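So this one's input-v2.cif, mmCIF, C-alpha atoms and all ligand atoms:
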```cif
data_structure
#
loop_
_atom_site.group_PDB
_atom_site.id
_atom_site.type_symbol
_atom_site.label_atom_id
_atom_site.label_comp_id
_atom_site.auth_asym_id
_atom_site.auth_seq_id
_atom_site.Cartn_x
_atom_site.Cartn_y
_atom_site.Cartn_z
ATOM 1 C CA MET A 1 85.478 0.251 10.080
ATOM 2 C CA ASP A 2 85.392 -2.836 12.262
ATOM 3 C CA SER A 3 81.934 -4.227 11.567
ATOM 4 C CA ALA A 4 81.647 -5.540 15.130
ATOM 5 C CA ARG A 5 81.618 -1.942 16.313
ATOM 6 C CA VAL A 6 78.993 -0.677 13.880
ATOM 7 C CA PRO A 7 75.783 -0.058 15.833
ATOM 8 C CA PRO A 8 72.697 -1.764 14.425
ATOM 9 C CA ILE A 9 71.132 0.225 11.612
ATOM 10 C CA ILE A 10 67.568 0.077 10.272
ATOM 11 C CA ASP A 11 66.803 0.950 6.671
ATOM 12 C CA THR A 12 63.309 2.414 7.016
ATOM 13 C CA HIS A 13 62.629 2.762 3.286
ATOM 14 C CA ALA A 14 63.909 0.440 0.579
ATOM 15 C CA HIS A 15 62.724 -1.223 -2.606
ATOM 16 C CA LEU A 16 64.804 -4.392 -2.571
ATOM 17 C CA ASP A 17 62.237 -6.195 -4.704
ATOM 18 C CA ASP A 18 63.276 -3.860 -7.524
ATOM 19 C CA ALA A 19 64.697 -5.453 -10.677
ATOM 20 C CA ALA A 20 68.025 -3.759 -9.879
ATOM 21 C CA PHE A 21 68.574 -6.440 -7.207
ATOM 22 C CA ALA A 22 67.254 -9.434 -9.137
ATOM 23 C CA HIS A 23 70.680 -10.914 -9.882
ATOM 24 C CA ASP A 24 72.432 -10.549 -6.507
ATOM 25 C CA LEU A 25 69.917 -9.940 -3.718
ATOM 26 C CA ASP A 26 71.387 -12.572 -1.403
ATOM 27 C CA ALA A 27 74.817 -10.968 -1.680
ATOM 28 C CA VAL A 28 73.353 -7.508 -1.026
ATOM 29 C CA MET A 29 71.534 -8.791 2.057
ATOM 30 C CA GLU A 30 74.678 -10.432 3.359
ATOM 31 C CA ALA A 31 76.823 -7.350 2.753
ATOM 32 C CA SER A 32 74.153 -5.181 4.412
ATOM 33 C CA ARG A 33 74.119 -7.323 7.518
ATOM 34 C CA ALA A 34 77.919 -7.213 7.641
ATOM 35 C CA ALA A 35 77.619 -3.408 7.431
ATOM 36 C CA GLY A 36 75.362 -3.396 10.505
ATOM 37 C CA VAL A 37 71.906 -3.328 8.906
ATOM 38 C CA CYS A 38 69.697 -5.400 11.200
ATOM 39 C CA GLN A 39 66.286 -4.577 9.750
ATOM 40 C CA VAL A 40 64.870 -3.341 6.453
ATOM 41 C CA ILE A 41 61.398 -1.991 5.783
ATOM 42 C CA ASN A 42 60.538 -2.724 2.194
ATOM 43 C CA ILE A 43 57.957 -0.432 0.645
ATOM 44 C CA GLY A 44 55.281 -1.875 -1.610
ATOM 45 C CA TYR A 45 53.959 1.096 -3.585
ATOM 46 C CA SER A 46 51.564 -0.628 -6.033
ATOM 47 C CA PRO A 47 49.484 -3.812 -6.061
ATOM 48 C CA ALA A 48 52.303 -5.646 -7.863
ATOM 49 C CA THR A 49 54.940 -4.575 -5.335
ATOM 50 C CA TRP A 50 52.655 -5.432 -2.397
ATOM 51 C CA LEU A 51 53.117 -8.996 -3.578
ATOM 52 C CA SER A 52 56.860 -8.800 -4.192
ATOM 53 C CA SER A 53 57.418 -7.012 -0.860
ATOM 54 C CA ARG A 54 55.568 -9.760 0.951
ATOM 55 C CA ALA A 55 57.606 -12.407 -0.876
ATOM 56 C CA LEU A 56 60.750 -10.642 0.339
ATOM 57 C CA GLN A 57 59.415 -10.559 3.886
ATOM 58 C CA ASP A 58 58.747 -14.284 3.724
ATOM 59 C CA GLN A 59 62.259 -14.942 2.426
ATOM 60 C CA TYR A 60 64.285 -12.750 4.807
ATOM 61 C CA PRO A 61 63.459 -12.688 8.538
ATOM 62 C CA HIS A 62 64.855 -9.184 9.052
ATOM 63 C CA VAL A 63 62.574 -7.604 6.432
ATOM 64 C CA GLY A 64 59.253 -5.964 7.295
ATOM 65 C CA VAL A 65 56.883 -4.232 4.891
ATOM 66 C CA ALA A 66 54.873 -1.054 4.470
ATOM 67 C CA LEU A 67 52.208 -1.101 1.766
ATOM 68 C CA GLY A 68 50.428 1.696 -0.069
ATOM 69 C CA LEU A 69 49.832 3.336 -3.410
ATOM 70 C CA HIS A 70 52.454 5.837 -4.595
ATOM 71 C CA PRO A 71 50.887 9.036 -5.917
ATOM 72 C CA GLN A 72 52.421 8.334 -9.332
ATOM 73 C CA ASN A 73 50.548 5.014 -9.289
ATOM 74 C CA ALA A 74 47.255 6.568 -8.192
ATOM 75 C CA GLY A 75 45.779 5.658 -11.573
ATOM 76 C CA GLU A 76 46.098 2.000 -10.624
ATOM 77 C CA SER A 77 43.544 2.412 -7.872
ATOM 78 C CA GLY A 78 40.347 0.721 -8.808
ATOM 79 C CA PRO A 79 37.129 0.862 -6.841
ATOM 80 C CA GLU A 80 38.460 -1.933 -4.653
ATOM 81 C CA LEU A 81 41.589 -0.096 -3.450
ATOM 82 C CA ALA A 82 40.359 0.283 0.115
ATOM 83 C CA ARG A 83 39.362 -3.359 0.424
ATOM 84 C CA ASP A 84 42.463 -4.768 -1.313
ATOM 85 C CA LEU A 85 44.962 -2.590 0.544
ATOM 86 C CA LEU A 86 43.380 -3.231 3.918
ATOM 87 C CA ARG A 87 43.499 -6.961 3.299
ATOM 88 C CA ALA A 88 47.140 -6.831 2.144
ATOM 89 C CA LEU A 89 48.145 -4.750 5.182
ATOM 90 C CA ARG A 90 46.461 -7.104 7.613
ATOM 91 C CA ASP A 91 47.629 -10.317 5.974
ATOM 92 C CA SER A 92 51.249 -9.145 5.901
ATOM 93 C CA GLY A 93 51.325 -7.521 9.335
ATOM 94 C CA ALA A 94 52.613 -4.379 7.640
ATOM 95 C CA VAL A 95 54.225 -1.799 9.923
ATOM 96 C CA ALA A 96 52.839 1.256 8.078
ATOM 97 C CA VAL A 97 50.647 2.522 5.252
ATOM 98 C CA GLY A 98 52.611 4.002 2.362
ATOM 99 C CA GLU A 99 54.279 5.309 0.500
ATOM 100 C CA THR A 100 51.420 7.651 -0.366
ATOM 101 C CA GLY A 101 51.023 11.410 -0.695
ATOM 102 C CA PHE A 102 51.215 13.951 -3.503
ATOM 103 C CA ASP A 103 53.648 14.191 -6.420
ATOM 104 C CA PHE A 104 53.177 17.166 -8.716
ATOM 105 C CA ALA A 105 56.491 16.798 -10.558
ATOM 106 C CA ARG A 106 54.527 15.442 -13.510
ATOM 107 C CA SER A 107 51.086 16.467 -14.697
ATOM 108 C CA GLN A 108 49.731 12.923 -14.350
ATOM 109 C CA PRO A 109 47.968 11.429 -12.496
ATOM 110 C CA GLU A 110 45.671 14.398 -12.047
ATOM 111 C CA PHE A 111 45.300 16.018 -8.641
ATOM 112 C CA LYS A 112 41.812 14.650 -8.051
ATOM 113 C CA GLU A 113 43.029 11.129 -8.721
ATOM 114 C CA GLN A 114 46.000 11.481 -6.340
ATOM 115 C CA GLU A 115 43.762 13.061 -3.711
ATOM 116 C CA HIS A 116 41.224 10.248 -3.948
ATOM 117 C CA ALA A 117 43.864 7.525 -3.498
ATOM 118 C CA PHE A 118 45.608 9.470 -0.722
ATOM 119 C CA ARG A 119 42.379 9.927 1.244
ATOM 120 C CA ILE A 120 41.520 6.246 1.023
ATOM 121 C CA GLN A 121 44.931 5.437 2.491
ATOM 122 C CA LEU A 122 44.682 8.066 5.233
ATOM 123 C CA GLU A 123 41.328 6.621 6.195
ATOM 124 C CA ILE A 124 42.904 3.155 6.483
ATOM 125 C CA ALA A 125 45.929 4.460 8.429
ATOM 126 C CA SER A 126 43.520 6.185 10.760
ATOM 127 C CA SER A 127 41.254 3.190 11.329
ATOM 128 C CA GLU A 128 44.174 0.742 11.697
ATOM 129 C CA GLY A 129 46.263 3.056 13.875
ATOM 130 C CA LEU A 130 49.257 2.602 11.559
ATOM 131 C CA PRO A 131 51.930 5.208 10.777
ATOM 132 C CA THR A 132 51.699 6.800 7.323
ATOM 133 C CA ILE A 133 54.787 7.037 5.096
ATOM 134 C CA ILE A 134 54.557 10.084 2.875
ATOM 135 C CA HIS A 135 56.080 10.716 -0.531
ATOM 136 C CA GLN A 136 55.950 14.402 -1.450
ATOM 137 C CA ARG A 137 57.340 16.144 -4.501
ATOM 138 C CA ASP A 138 56.614 19.771 -5.432
ATOM 139 C CA ALA A 139 53.453 19.466 -3.357
ATOM 140 C CA ALA A 140 54.278 20.763 0.123
ATOM 141 C CA ASP A 141 51.306 23.136 0.433
ATOM 142 C CA ALA A 142 48.745 20.608 -0.800
ATOM 143 C CA LEU A 143 50.233 17.986 1.510
ATOM 144 C CA THR A 144 50.017 20.053 4.668
ATOM 145 C CA ALA A 145 46.504 21.246 3.766
ATOM 146 C CA GLU A 146 45.370 17.633 3.394
ATOM 147 C CA LEU A 147 47.098 16.336 6.516
ATOM 148 C CA ASP A 148 45.690 19.205 8.574
ATOM 149 C CA ARG A 149 42.292 17.606 7.909
ATOM 150 C CA TRP A 150 43.548 14.473 9.750
ATOM 151 C CA PRO A 151 44.706 15.635 13.181
ATOM 152 C CA ASN A 152 44.461 12.239 14.854
ATOM 153 C CA LEU A 153 46.642 10.060 12.638
ATOM 154 C CA ALA A 154 49.318 7.802 14.078
ATOM 155 C CA PRO A 155 52.795 9.304 13.444
ATOM 156 C CA ILE A 156 53.588 10.594 9.968
ATOM 157 C CA VAL A 157 56.892 9.845 8.223
ATOM 158 C CA LEU A 158 58.057 12.351 5.617
ATOM 159 C CA HIS A 159 60.183 9.983 3.574
ATOM 160 C CA SER A 160 63.340 11.351 1.927
ATOM 161 C CA PHE A 161 62.432 14.738 3.344
ATOM 162 C CA ASP A 162 62.716 17.657 0.957
ATOM 163 C CA GLY A 163 60.701 20.820 0.652
ATOM 164 C CA THR A 164 60.160 24.318 1.874
ATOM 165 C CA ASP A 165 60.858 26.194 5.107
ATOM 166 C CA LEU A 166 57.124 26.117 5.731
ATOM 167 C CA LEU A 167 57.001 22.345 5.369
ATOM 168 C CA ALA A 168 59.919 21.994 7.782
ATOM 169 C CA ASP A 169 58.148 24.222 10.319
ATOM 170 C CA TRP A 170 54.939 22.264 9.868
ATOM 171 C CA ALA A 171 56.742 18.912 10.267
ATOM 172 C CA ILE A 172 58.368 19.992 13.530
ATOM 173 C CA GLU A 173 55.079 21.348 14.870
ATOM 174 C CA ARG A 174 53.198 18.169 13.916
ATOM 175 C CA GLY A 175 55.923 15.922 15.352
ATOM 176 C CA CYS A 176 56.565 14.132 12.056
ATOM 177 C CA TYR A 177 59.354 11.641 11.608
ATOM 178 C CA VAL A 178 61.744 12.652 8.851
ATOM 179 C CA GLY A 179 63.525 10.206 6.535
ATOM 180 C CA ILE A 180 67.128 11.129 5.788
ATOM 181 C CA GLY A 181 69.221 9.452 3.114
ATOM 182 C CA GLY A 182 71.222 9.810 -0.065
ATOM 183 C CA LEU A 183 69.427 12.885 -1.389
ATOM 184 C CA ALA A 184 70.730 15.039 1.463
ATOM 185 C CA THR A 185 74.315 13.823 0.941
ATOM 186 C CA ARG A 186 74.611 15.295 -2.539
ATOM 187 C CA PRO A 187 76.795 18.372 -3.000
ATOM 188 C CA ARG A 188 73.854 20.326 -4.462
ATOM 189 C CA SER A 189 71.595 19.642 -1.462
ATOM 190 C CA GLU A 190 72.947 22.512 0.638
ATOM 191 C CA LYS A 191 69.501 24.043 1.185
ATOM 192 C CA LEU A 192 68.031 20.678 2.198
ATOM 193 C CA ARG A 193 70.805 20.132 4.744
ATOM 194 C CA GLY A 194 69.945 23.549 6.191
ATOM 195 C CA LEU A 195 66.342 22.399 6.707
ATOM 196 C CA LEU A 196 67.354 19.034 8.170
ATOM 197 C CA LYS A 197 69.596 20.654 10.782
ATOM 198 C CA ARG A 198 66.466 22.036 12.404
ATOM 199 C CA MET A 199 64.829 18.623 12.782
ATOM 200 C CA PRO A 200 64.928 17.108 16.282
ATOM 201 C CA VAL A 201 67.223 14.073 16.550
ATOM 202 C CA ASP A 202 64.431 12.006 18.093
ATOM 203 C CA ARG A 203 62.441 12.332 14.866
ATOM 204 C CA LEU A 204 65.146 11.244 12.390
ATOM 205 C CA LEU A 205 64.999 7.940 10.477
ATOM 206 C CA LEU A 206 67.759 6.579 8.250
ATOM 207 C CA GLU A 207 66.673 5.314 4.849
ATOM 208 C CA THR A 208 68.155 4.502 1.464
ATOM 209 C CA ASP A 209 65.179 4.441 -0.939
ATOM 210 C CA ALA A 210 67.361 1.778 -2.600
ATOM 211 C CA PRO A 211 67.946 1.319 -5.484
ATOM 212 C CA TYR A 212 67.363 5.066 -5.859
ATOM 213 C CA LEU A 213 69.223 8.102 -4.477
ATOM 214 C CA PRO A 214 72.756 6.718 -3.974
ATOM 215 C CA PRO A 215 75.174 8.912 -2.021
ATOM 216 C CA PRO A 216 78.139 10.248 -4.021
ATOM 217 C CA GLY A 217 80.859 7.777 -4.943
ATOM 218 C CA VAL A 218 79.056 4.436 -4.646
ATOM 219 C CA GLY A 219 77.853 3.988 -8.212
ATOM 220 C CA LYS A 220 74.360 4.181 -9.652
ATOM 221 C CA ARG A 221 72.627 1.621 -7.461
ATOM 222 C CA ASN A 222 71.920 2.468 -3.837
ATOM 223 C CA SER A 223 71.623 -0.325 -1.266
ATOM 224 C CA PRO A 224 71.406 -0.654 2.537
ATOM 225 C CA VAL A 225 75.164 -1.292 2.529
ATOM 226 C CA ASN A 226 75.573 2.481 2.107
ATOM 227 C CA LEU A 227 73.691 3.524 5.247
ATOM 228 C CA ARG A 228 76.731 3.952 7.399
ATOM 229 C CA VAL A 229 78.376 6.093 4.710
ATOM 230 C CA ILE A 230 75.207 8.200 4.560
ATOM 231 C CA ALA A 231 75.161 8.484 8.365
ATOM 232 C CA GLY A 232 78.797 9.583 8.318
ATOM 233 C CA ILE A 233 78.076 12.405 5.880
ATOM 234 C CA LEU A 234 74.910 13.642 7.622
ATOM 235 C CA ALA A 235 75.729 13.170 11.334
ATOM 236 C CA PRO A 236 77.657 16.474 11.666
ATOM 237 C CA LEU A 237 74.416 18.366 10.901
ATOM 238 C CA TRP A 238 73.342 17.499 14.445
ATOM 239 C CA HIS A 239 76.865 17.533 15.915
ATOM 240 C CA LEU A 240 76.773 13.745 16.201
ATOM 241 C CA THR A 241 79.159 10.971 15.194
ATOM 242 C CA ALA A 242 77.985 8.433 12.621
ATOM 243 C CA GLU A 243 77.636 5.882 15.414
ATOM 244 C CA GLU A 244 75.507 8.231 17.515
ATOM 245 C CA LEU A 245 73.254 8.988 14.550
ATOM 246 C CA CYS A 246 72.870 5.251 13.819
ATOM 247 C CA ARG A 247 71.955 4.549 17.459
ATOM 248 C CA ALA A 248 69.457 7.409 17.605
ATOM 249 C CA THR A 249 67.753 6.580 14.306
ATOM 250 C CA THR A 250 67.552 2.883 15.157
ATOM 251 C CA ALA A 251 65.907 3.705 18.492
ATOM 252 C CA ASN A 252 63.466 6.012 16.683
ATOM 253 C CA ALA A 253 62.613 3.331 14.096
ATOM 254 C CA VAL A 254 62.045 0.704 16.792
ATOM 255 C CA ALA A 255 59.811 3.069 18.748
ATOM 256 C CA LEU A 256 57.786 3.823 15.640
ATOM 257 C CA PHE A 257 57.584 0.533 13.760
ATOM 258 C CA GLY A 258 58.430 -2.104 16.336
ATOM 259 C CA SER A 259 61.372 -4.408 15.877
ATOM 260 C CA ILE A 260 62.620 -7.869 15.262
ATOM 261 C CA SER A 261 63.434 -9.316 18.651
ATOM 262 C CA THR A 262 67.194 -9.558 18.220
ATOM 263 C CA GLY A 263 69.831 -8.949 20.836
ATOM 264 C CA GLN A 264 71.394 -6.469 18.446
ATOM 265 C CA VAL A 265 68.504 -4.054 18.417
ATOM 266 C CA THR A 266 67.835 -4.521 22.103
ATOM 267 C CA GLU A 267 71.458 -3.644 22.774
ATOM 268 C CA ALA A 268 71.090 -0.480 20.722
ATOM 269 C CA THR A 269 68.079 0.758 22.565
ATOM 270 C CA LYS A 270 68.150 -0.643 26.080
ATOM 271 C CA ASN A 271 69.752 2.432 27.593
ATOM 272 C CA ASP A 272 67.235 4.715 26.038
ATOM 273 C CA GLN A 273 64.554 5.238 28.676
ATOM 274 C CA ARG A 274 62.240 7.089 26.322
ATOM 275 C CA HIS A 275 61.790 4.048 24.143
ATOM 276 C CA GLU A 276 61.803 1.291 26.704
ATOM 277 C CA SER A 277 58.070 0.810 27.044
ATOM 278 C CA SER A 278 57.418 0.771 23.327
ATOM 279 C CA ILE A 279 60.132 -1.809 22.766
ATOM 280 C CA THR A 280 58.700 -4.033 25.459
ATOM 281 C CA ASP A 281 55.236 -3.659 23.988
ATOM 282 C CA ARG A 282 56.228 -4.185 20.397
ATOM 283 C CA HIS A 283 59.159 -6.561 20.438
ATOM 284 C CA VAL A 284 57.462 -9.109 18.239
ATOM 285 C CA LYS A 285 58.587 -8.731 14.665
ATOM 286 C CA PRO A 286 55.857 -7.145 12.606
ATOM 287 C CA GLY A 287 54.779 -9.350 9.780
ATOM 288 C CA LYS A 288 55.328 -12.634 11.544
ATOM 289 C CA ALA A 289 52.109 -12.487 13.504
ATOM 290 C CA PRO A 290 49.321 -11.269 11.238
ATOM 291 C CA ARG A 291 46.557 -9.668 13.248
ATOM 292 C CA THR A 292 43.909 -11.393 11.213
ATOM 293 C CA PRO A 293 44.251 -14.865 9.807
ATOM 294 C CA GLY A 294 43.911 -15.203 6.091
ATOM 295 C CA THR A 295 45.599 -16.027 2.880
ATOM 296 C CA ALA A 296 47.238 -13.727 0.400
ATOM 297 C CA THR A 297 44.626 -12.194 -1.789
ATOM 298 C CA VAL A 298 46.385 -9.428 -3.676
HETATM 299 ZN ZN ZN B 301 60.239 4.869 -2.124
#
```

So that I can check it, write out the structure of this file as structure tokens.
Ligand SMILES: [Zn+2]
Amino acid sequence: MDSARVPPIIDTHAHLDDAAFAHDLDAVMEASRAAGVCQVINIGYSPATWLSSRALQDQYPHVGVALGLHPQNAGESGPELARDLLRALRDSGAVAVGETGFDFARSQPEFKEQEHAFRIQLEIASSEGLPTIIHQRDAADALTAELDRWPNLAPIVLHSFDGTDLLADWAIERGCYVGIGGLATRPRSEKLRGLLKRMPVDRLLLETDAPYLPPPGVGKRNSPVNLRVIAGILAPLWHLTAEELCRATTANAVALFGSISTGQVTEATKNDQRHESSITDRHVKPGKAPRTPGTATV
């Protein structure tokens, strides 16, 4: 497709600091931009990747960060998690807390350990007024039970949404944003596509989870380059074209996370009355204007 006609796309969940990109990150970034990707939110999921995510943000002006502790890394939380994460979030101007949540696919870390780390992060999201990006695997009931204890959080993102009918009902009721990406494009994901169909278009966010979860036919490594392909496969679930899905998800991401102040994104969203005030309020790129001065400490 003519790249000039691709609407701007935001990858709301990527791990471009992963070793899979170590040898050709510049080329991936360039190809992504040519494919219409105007902004990437890189997720730091452990103290080490808080640092590498921030390095990426410093290197590429269209990258923002979200920082948290993945439930599989909950064992890495020392007594200073709250202090260290809060400092990293503030110093980087992160757009969200996460990814955090529950992952019961493996027996470790134990539930109590995951719960402890999750609650620390929910407390921070609550006090900072930041969205929370949730990772959930085989843990839908525990997740909703925990989040029901936090009725006043800023919006919740269920990243790479997957789960039960009950979780889908709960997400709609709670007004959660729902990350859609490569997982849902796989031939075996028929049941997941059935759940996604029910999600309101104004709550959808495009994401890759790169380098993970590639759509069929692109090789083993996922990257933001594939977002338009993913949009093309999933858009019919909502009776949209790929372009319409890209426009809608970009507007949703800007409303939720703010945006780099580029003409491209403004063009994508200026006709959307629902989002106009939030764009005006939050047009400064997150991460470039830390809310508290300070030096990197994590
Ligand atoms: Zn992730």

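Selection of all polymer residues within 7 Å of ligand ZN 301 (chain B) on the basis of only C-alpha atoms and all ligand atoms gives His13, Ala14, His15, Ile43, Glu99 and Asp209 of chain A.
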
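We find CA of Glu113 in chain A and CA of Gly179 in chain A to be spaced 25.6 Å apart.
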
Checklist entry - If you apply the PyMOL selection byres (((chain A and resi 133-142) around 8) and not hetatm) to this file, what residues do you get, as a PyMOL selection string? => result chain A and resi 70-71+96-105+131-132+143-146+156-160+162-164+167

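Nearest residue to Pro200 in chain A, choosing from A:Gly175, A:Pro8, A:Pro61, A:Gly181 and counting only C-alpha atoms: A:Gly175.
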
Next on the checklist: Residues within 10 Å of (70.1, 1.0, -7.2), file coordinates, counting all atoms listed in the file: what are they? Give the list as a PyMOL selection string.
Outcome noted: chain A and resi 14-16+18-21+208-214+218-224

Next, the residues of the selection above should be written as an mmCIF file, keeping the file's coordinate frame with C-alpha atoms.
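And here's part_36.cif as it stands now:
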```
data_model
loop_
_atom_site.group_PDB
_atom_site.id
_atom_site.type_symbol
_atom_site.label_atom_id
_atom_site.label_comp_id
_atom_site.auth_asym_id
_atom_site.auth_seq_id
_atom_site.Cartn_x
_atom_site.Cartn_y
_atom_site.Cartn_z
ATOM 1 C CA ALA A 14 63.909 0.440 0.579
ATOM 2 C CA HIS A 15 62.724 -1.223 -2.606
ATOM 3 C CA LEU A 16 64.804 -4.392 -2.571
ATOM 4 C CA ASP A 18 63.276 -3.860 -7.524
ATOM 5 C CA ALA A 19 64.697 -5.453 -10.677
ATOM 6 C CA ALA A 20 68.025 -3.759 -9.879
ATOM 7 C CA PHE A 21 68.574 -6.440 -7.207
ATOM 8 C CA THR A 208 68.155 4.502 1.464
ATOM 9 C CA ASP A 209 65.179 4.441 -0.939
ATOM 10 C CA ALA A 210 67.361 1.778 -2.600
ATOM 11 C CA PRO A 211 67.946 1.319 -5.484
ATOM 12 C CA TYR A 212 67.363 5.066 -5.859
ATOM 13 C CA LEU A 213 69.223 8.102 -4.477
ATOM 14 C CA PRO A 214 72.756 6.718 -3.974
ATOM 15 C CA VAL A 218 79.056 4.436 -4.646
ATOM 16 C CA GLY A 219 77.853 3.988 -8.212
ATOM 17 C CA LYS A 220 74.360 4.181 -9.652
ATOM 18 C CA ARG A 221 72.627 1.621 -7.461
ATOM 19 C CA ASN A 222 71.920 2.468 -3.837
ATOM 20 C CA SER A 223 71.623 -0.325 -1.266
ATOM 21 C CA PRO A 224 71.406 -0.654 2.537
#
```

Next on the checklist: Once the PyMOL selection byres (((chain A and resi 33) around 12) and not hetatm) is applied to the coordinates I shared, what remains selected? I want it as a VMD selection string.
Outcome noted: chain A and resid 3 to 4 6 to 11 26 to 32 34 to 40 60 to 63 223 to 228 264

Next on the checklist: Can you translate the PyMOL selection byres (((chain A and resi 124-129) around 7) and not hetatm) into the concrete residues it hits in this file, as number ranges by chain?
Outcome noted: A: 86, 97, 120-123, 130-132, 153-154

Keeping only C-alpha atoms, write those residues as a PDB file, in the frame of the given file.
```pdb
ATOM      1  CA  LEU A  86      43.380  -3.231   3.918  1.00  0.00           C
ATOM      2  CA  VAL A  97      50.647   2.522   5.252  1.00  0.00           C
ATOM      3  CA  ILE A 120      41.520   6.246   1.023  1.00  0.00           C
ATOM      4  CA  GLN A 121      44.931   5.437   2.491  1.00  0.00           C
ATOM      5  CA  LEU A 122      44.682   8.066   5.233  1.00  0.00           C
ATOM      6  CA  GLU A 123      41.328   6.621   6.195  1.00  0.00           C
ATOM      7  CA  LEU A 130      49.257   2.602  11.559  1.00  0.00           C
ATOM      8  CA  PRO A 131      51.930   5.208  10.777  1.00  0.00           C
ATOM      9  CA  THR A 132      51.699   6.800   7.323  1.00  0.00           C
ATOM     10  CA  LEU A 153      46.642  10.060  12.638  1.00  0.00           C
ATOM     11  CA  ALA A 154      49.318   7.802  14.078  1.00  0.00           C
TER      12      ALA A 154
END
```

Checklist outcome for this item: Min atom-atom distance to Ile180 in chain A from the set A:Ile233, A:Ala168, A:Leu204, A:Leu195, counting all atoms listed in the file, belongs to A:Leu204
